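Input: a single structure, listed below in structure tokens.
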Amino acid sequence: MNCYNFELLVNDILNQCGFKSSKPTTKNNDGGIDIIAKVSVLGEKSIPVVVQCKEYYEDYKVTLKEMNEFIGCDKPSRAVMIYVTSNTFTEPALLRAEKENVITIDKNELITLLIKHEIGCKYDDKVNDYNLDQDYFDSLYEVDRD
């Protein structure tokens with residue numbers, strides 16, 4: 001999976017979780033924001049949400065430098081910030097995120113969300129477990145980025 005397909009996957013999760021107007025940003029010059037969305041509060045006000053997605057292999061973690069870059073990106077005022085990775089965060093990155101109220105989602109939380117919302121997986125009654133939904137992942141590769 002490449003970084004854009006990972007953004008599409010995260011975008012699908014946000015949509016399933018009730019975020020509105022969730023869409024990936026353009027491929028070039030995204031300014032450190034991969035997805036822009038809105039969340040409704042009490043059905044009245046919409047709060048902007050900005051998301052950074054990092055699709056990393058097992059041996060690479062999101063660093064403090066990367067977290068600082070995201071925190072410092074040009075974003076709407078009072079935006080909720082979410083940082084999603086396919087791996088994990090370094091301890092300094094997590095401490096900085098906590099200090100700045102950045103929501104972090106690592107690989108374990110990501111898997112939990114995928115299963116909860118049945119994104120990219122299907123429940124199989126025969127084995128009483130989830131199986132990979134290859135059609136879903138194939139569809140991610142069919143989407144062309146503007």
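Starting from 1 in every chain, residues are counted up; chains themselves are A, B, ... following the order of the structure tokens, and ligands are numbered from 1 as listed.
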
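Note that DSSP on the backbone gives alpha helix (DSSP H) to these residues of segment 61-135 of chain A: Leu64, Lys65, Glu66, Met67, Asn68, Glu69, Phe70, Ile71, Glu91, Pro92, Ala93, Leu94, Leu95, Arg96, Ala97, Glu98, Lys99, Lys107, Asn108, Glu109, Leu110, Ile111, Thr112, Leu113, Leu114, Ile115, Lys116, Gln134 and Asp135 of chain A.
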
Item to complete: Find the spatial neighbours of segment 74-85 of chain A, counting only C-alpha atoms, within a cut-off of 10 Å - ignore same-chain residues fewer than 3 positions away - and output them as a VMD selection string.
Response: chain A and resid 6 to 7 10 30 to 39 47 to 57 61 to 62 67 69 to 71 88 to 89 97 100 to 110

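Across segment 51-80 of chain A, DSSP run on the backbone finds strand (DSSP E) at Val51, Gln52, Cys53, Lys54 and Val80 of chain A.
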
Any chance you can output those residues with N, CA, C and O atoms as an mmCIF file, in the first residue's frame?
```
data_model
loop_
_atom_site.group_PDB
_atom_site.id
_atom_site.type_symbol
_atom_site.label_atom_id
_atom_site.label_comp_id
_atom_site.auth_asym_id
_atom_site.auth_seq_id
_atom_site.Cartn_x
_atom_site.Cartn_y
_atom_site.Cartn_z
ATOM 1 N N VAL A 51 -5.872 15.978 9.455
ATOM 2 C CA VAL A 51 -5.301 14.663 9.709
ATOM 3 C C VAL A 51 -3.996 14.507 8.944
ATOM 4 O O VAL A 51 -3.917 14.852 7.761
ATOM 5 N N GLN A 52 -3.001 13.991 9.630
ATOM 6 C CA GLN A 52 -1.732 13.604 9.003
ATOM 7 C C GLN A 52 -1.680 12.084 9.006
ATOM 8 O O GLN A 52 -1.972 11.452 10.023
ATOM 9 N N CYS A 53 -1.351 11.496 7.867
ATOM 10 C CA CYS A 53 -1.268 10.040 7.729
ATOM 11 C C CYS A 53 0.155 9.654 7.354
ATOM 12 O O CYS A 53 0.716 10.207 6.411
ATOM 13 N N LYS A 54 0.700 8.694 8.085
ATOM 14 C CA LYS A 54 2.037 8.179 7.765
ATOM 15 C C LYS A 54 1.972 6.667 7.655
ATOM 16 O O LYS A 54 1.729 5.973 8.636
ATOM 17 N N VAL A 80 -9.207 20.394 15.273
ATOM 18 C CA VAL A 80 -8.824 19.164 15.947
ATOM 19 C C VAL A 80 -7.752 18.519 15.080
ATOM 20 O O VAL A 80 -7.894 18.446 13.854
#
```

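Near segment 128-132 of chain A, within 12 Å and counting only C-alpha atoms, sit A:Ile111, A:Thr112, A:Leu114, A:Ile115, A:Lys116, A:His117, A:Glu118, A:Ile119, A:Gly120, A:Cys121, A:Lys122, A:Tyr123, A:Phe137, A:Asp138, not including residues fewer than 5 positions from it in the same chain.
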
Output of the above residues as a CSV table (one decimal), in the first residue's frame, restricted to N, CA, C and O atoms:
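out.csv was written with the following content:
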```csv
chain,number,residue,atom,x,y,z
A,111,ILE,N,-6.1,-1.0,13.5
A,111,ILE,CA,-6.7,-2.3,13.3
A,111,ILE,C,-8.1,-2.4,14.0
A,111,ILE,O,-9.0,-2.9,13.5
A,112,THR,N,-8.1,-1.9,15.2
A,112,THR,CA,-9.4,-1.9,16.0
A,112,THR,C,-10.5,-1.2,15.3
A,112,THR,O,-11.6,-1.7,15.1
A,114,LEU,N,-10.6,-0.5,12.0
A,114,LEU,CA,-11.0,-1.3,10.8
A,114,LEU,C,-11.9,-2.4,11.0
A,114,LEU,O,-12.9,-2.6,10.3
A,115,ILE,N,-11.7,-3.2,12.1
A,115,ILE,CA,-12.5,-4.3,12.4
A,115,ILE,C,-13.9,-3.8,12.9
A,115,ILE,O,-14.9,-4.3,12.5
A,116,LYS,N,-13.9,-2.8,13.8
A,116,LYS,CA,-15.1,-2.2,14.3
A,116,LYS,C,-16.1,-1.8,13.2
A,116,LYS,O,-17.3,-2.0,13.3
A,117,HIS,N,-15.5,-1.1,12.2
A,117,HIS,CA,-16.3,-0.6,11.1
A,117,HIS,C,-16.3,-1.5,9.9
A,117,HIS,O,-16.9,-1.1,8.9
A,118,GLU,N,-15.7,-2.6,10.0
A,118,GLU,CA,-15.6,-3.6,8.9
A,118,GLU,C,-15.2,-3.0,7.6
A,118,GLU,O,-15.8,-3.1,6.6
A,119,ILE,N,-14.1,-2.3,7.7
A,119,ILE,CA,-13.4,-1.6,6.6
A,119,ILE,C,-12.2,-2.5,6.2
A,119,ILE,O,-11.3,-2.7,7.0
A,120,GLY,N,-12.3,-3.0,5.0
A,120,GLY,CA,-11.1,-3.9,4.5
A,120,GLY,C,-11.2,-5.3,5.1
A,120,GLY,O,-10.2,-6.0,4.9
A,121,CYS,N,-12.2,-5.6,5.8
A,121,CYS,CA,-12.3,-7.0,6.3
A,121,CYS,C,-13.8,-7.4,6.3
A,121,CYS,O,-14.7,-6.5,6.3
A,122,LYS,N,-14.0,-8.7,6.3
A,122,LYS,CA,-15.4,-9.2,6.4
A,122,LYS,C,-15.4,-10.3,7.4
A,122,LYS,O,-14.5,-11.1,7.5
A,123,TYR,N,-16.5,-10.3,8.2
A,123,TYR,CA,-16.7,-11.4,9.2
A,123,TYR,C,-17.1,-12.7,8.5
A,123,TYR,O,-18.0,-12.7,7.7
A,137,PHE,N,-9.4,-3.4,-0.8
A,137,PHE,CA,-8.1,-2.9,-1.0
A,137,PHE,C,-7.8,-2.7,-2.5
A,137,PHE,O,-7.1,-1.8,-2.9
A,138,ASP,N,-8.3,-3.6,-3.4
A,138,ASP,CA,-8.1,-3.4,-4.8
A,138,ASP,C,-8.8,-2.1,-5.3
A,138,ASP,O,-8.2,-1.4,-6.1
```

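For the atom pair formed by atom CA of Thr25 of chain A and atom CA of Ser40 of chain A, the distance is 20.2 Å, given to one decimal.
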
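Minimum atom-to-atom distances from A:Val127, A:Leu113, A:Leu140, A:Ala93 to Gln16 of chain A were compared using only C-alpha atoms, and the lowest value belongs to A:Leu113.
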
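With only C-alpha atoms as the atoms that count, the minimum distance from Asp12 of chain A to the choices A:Tyr136, A:Asp125, A:Thr63, A:Tyr141 is reached by A:Tyr136.
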
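With atom CA of Lys65 of chain A on one side and atom CA of Lys99 of chain A on the other, the separation reads 14.7 Å.
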
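Atom CA of Tyr60 of chain A to atom CA of Thr90 of chain A spans 9.3 Å [interatomic distance, one decimal].
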
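The closest residue to Leu8 of chain A, picked from A:Ser139, A:Asn87, A:Asn68, A:Gln134 and counting only C-alpha atoms, is A:Ser139.
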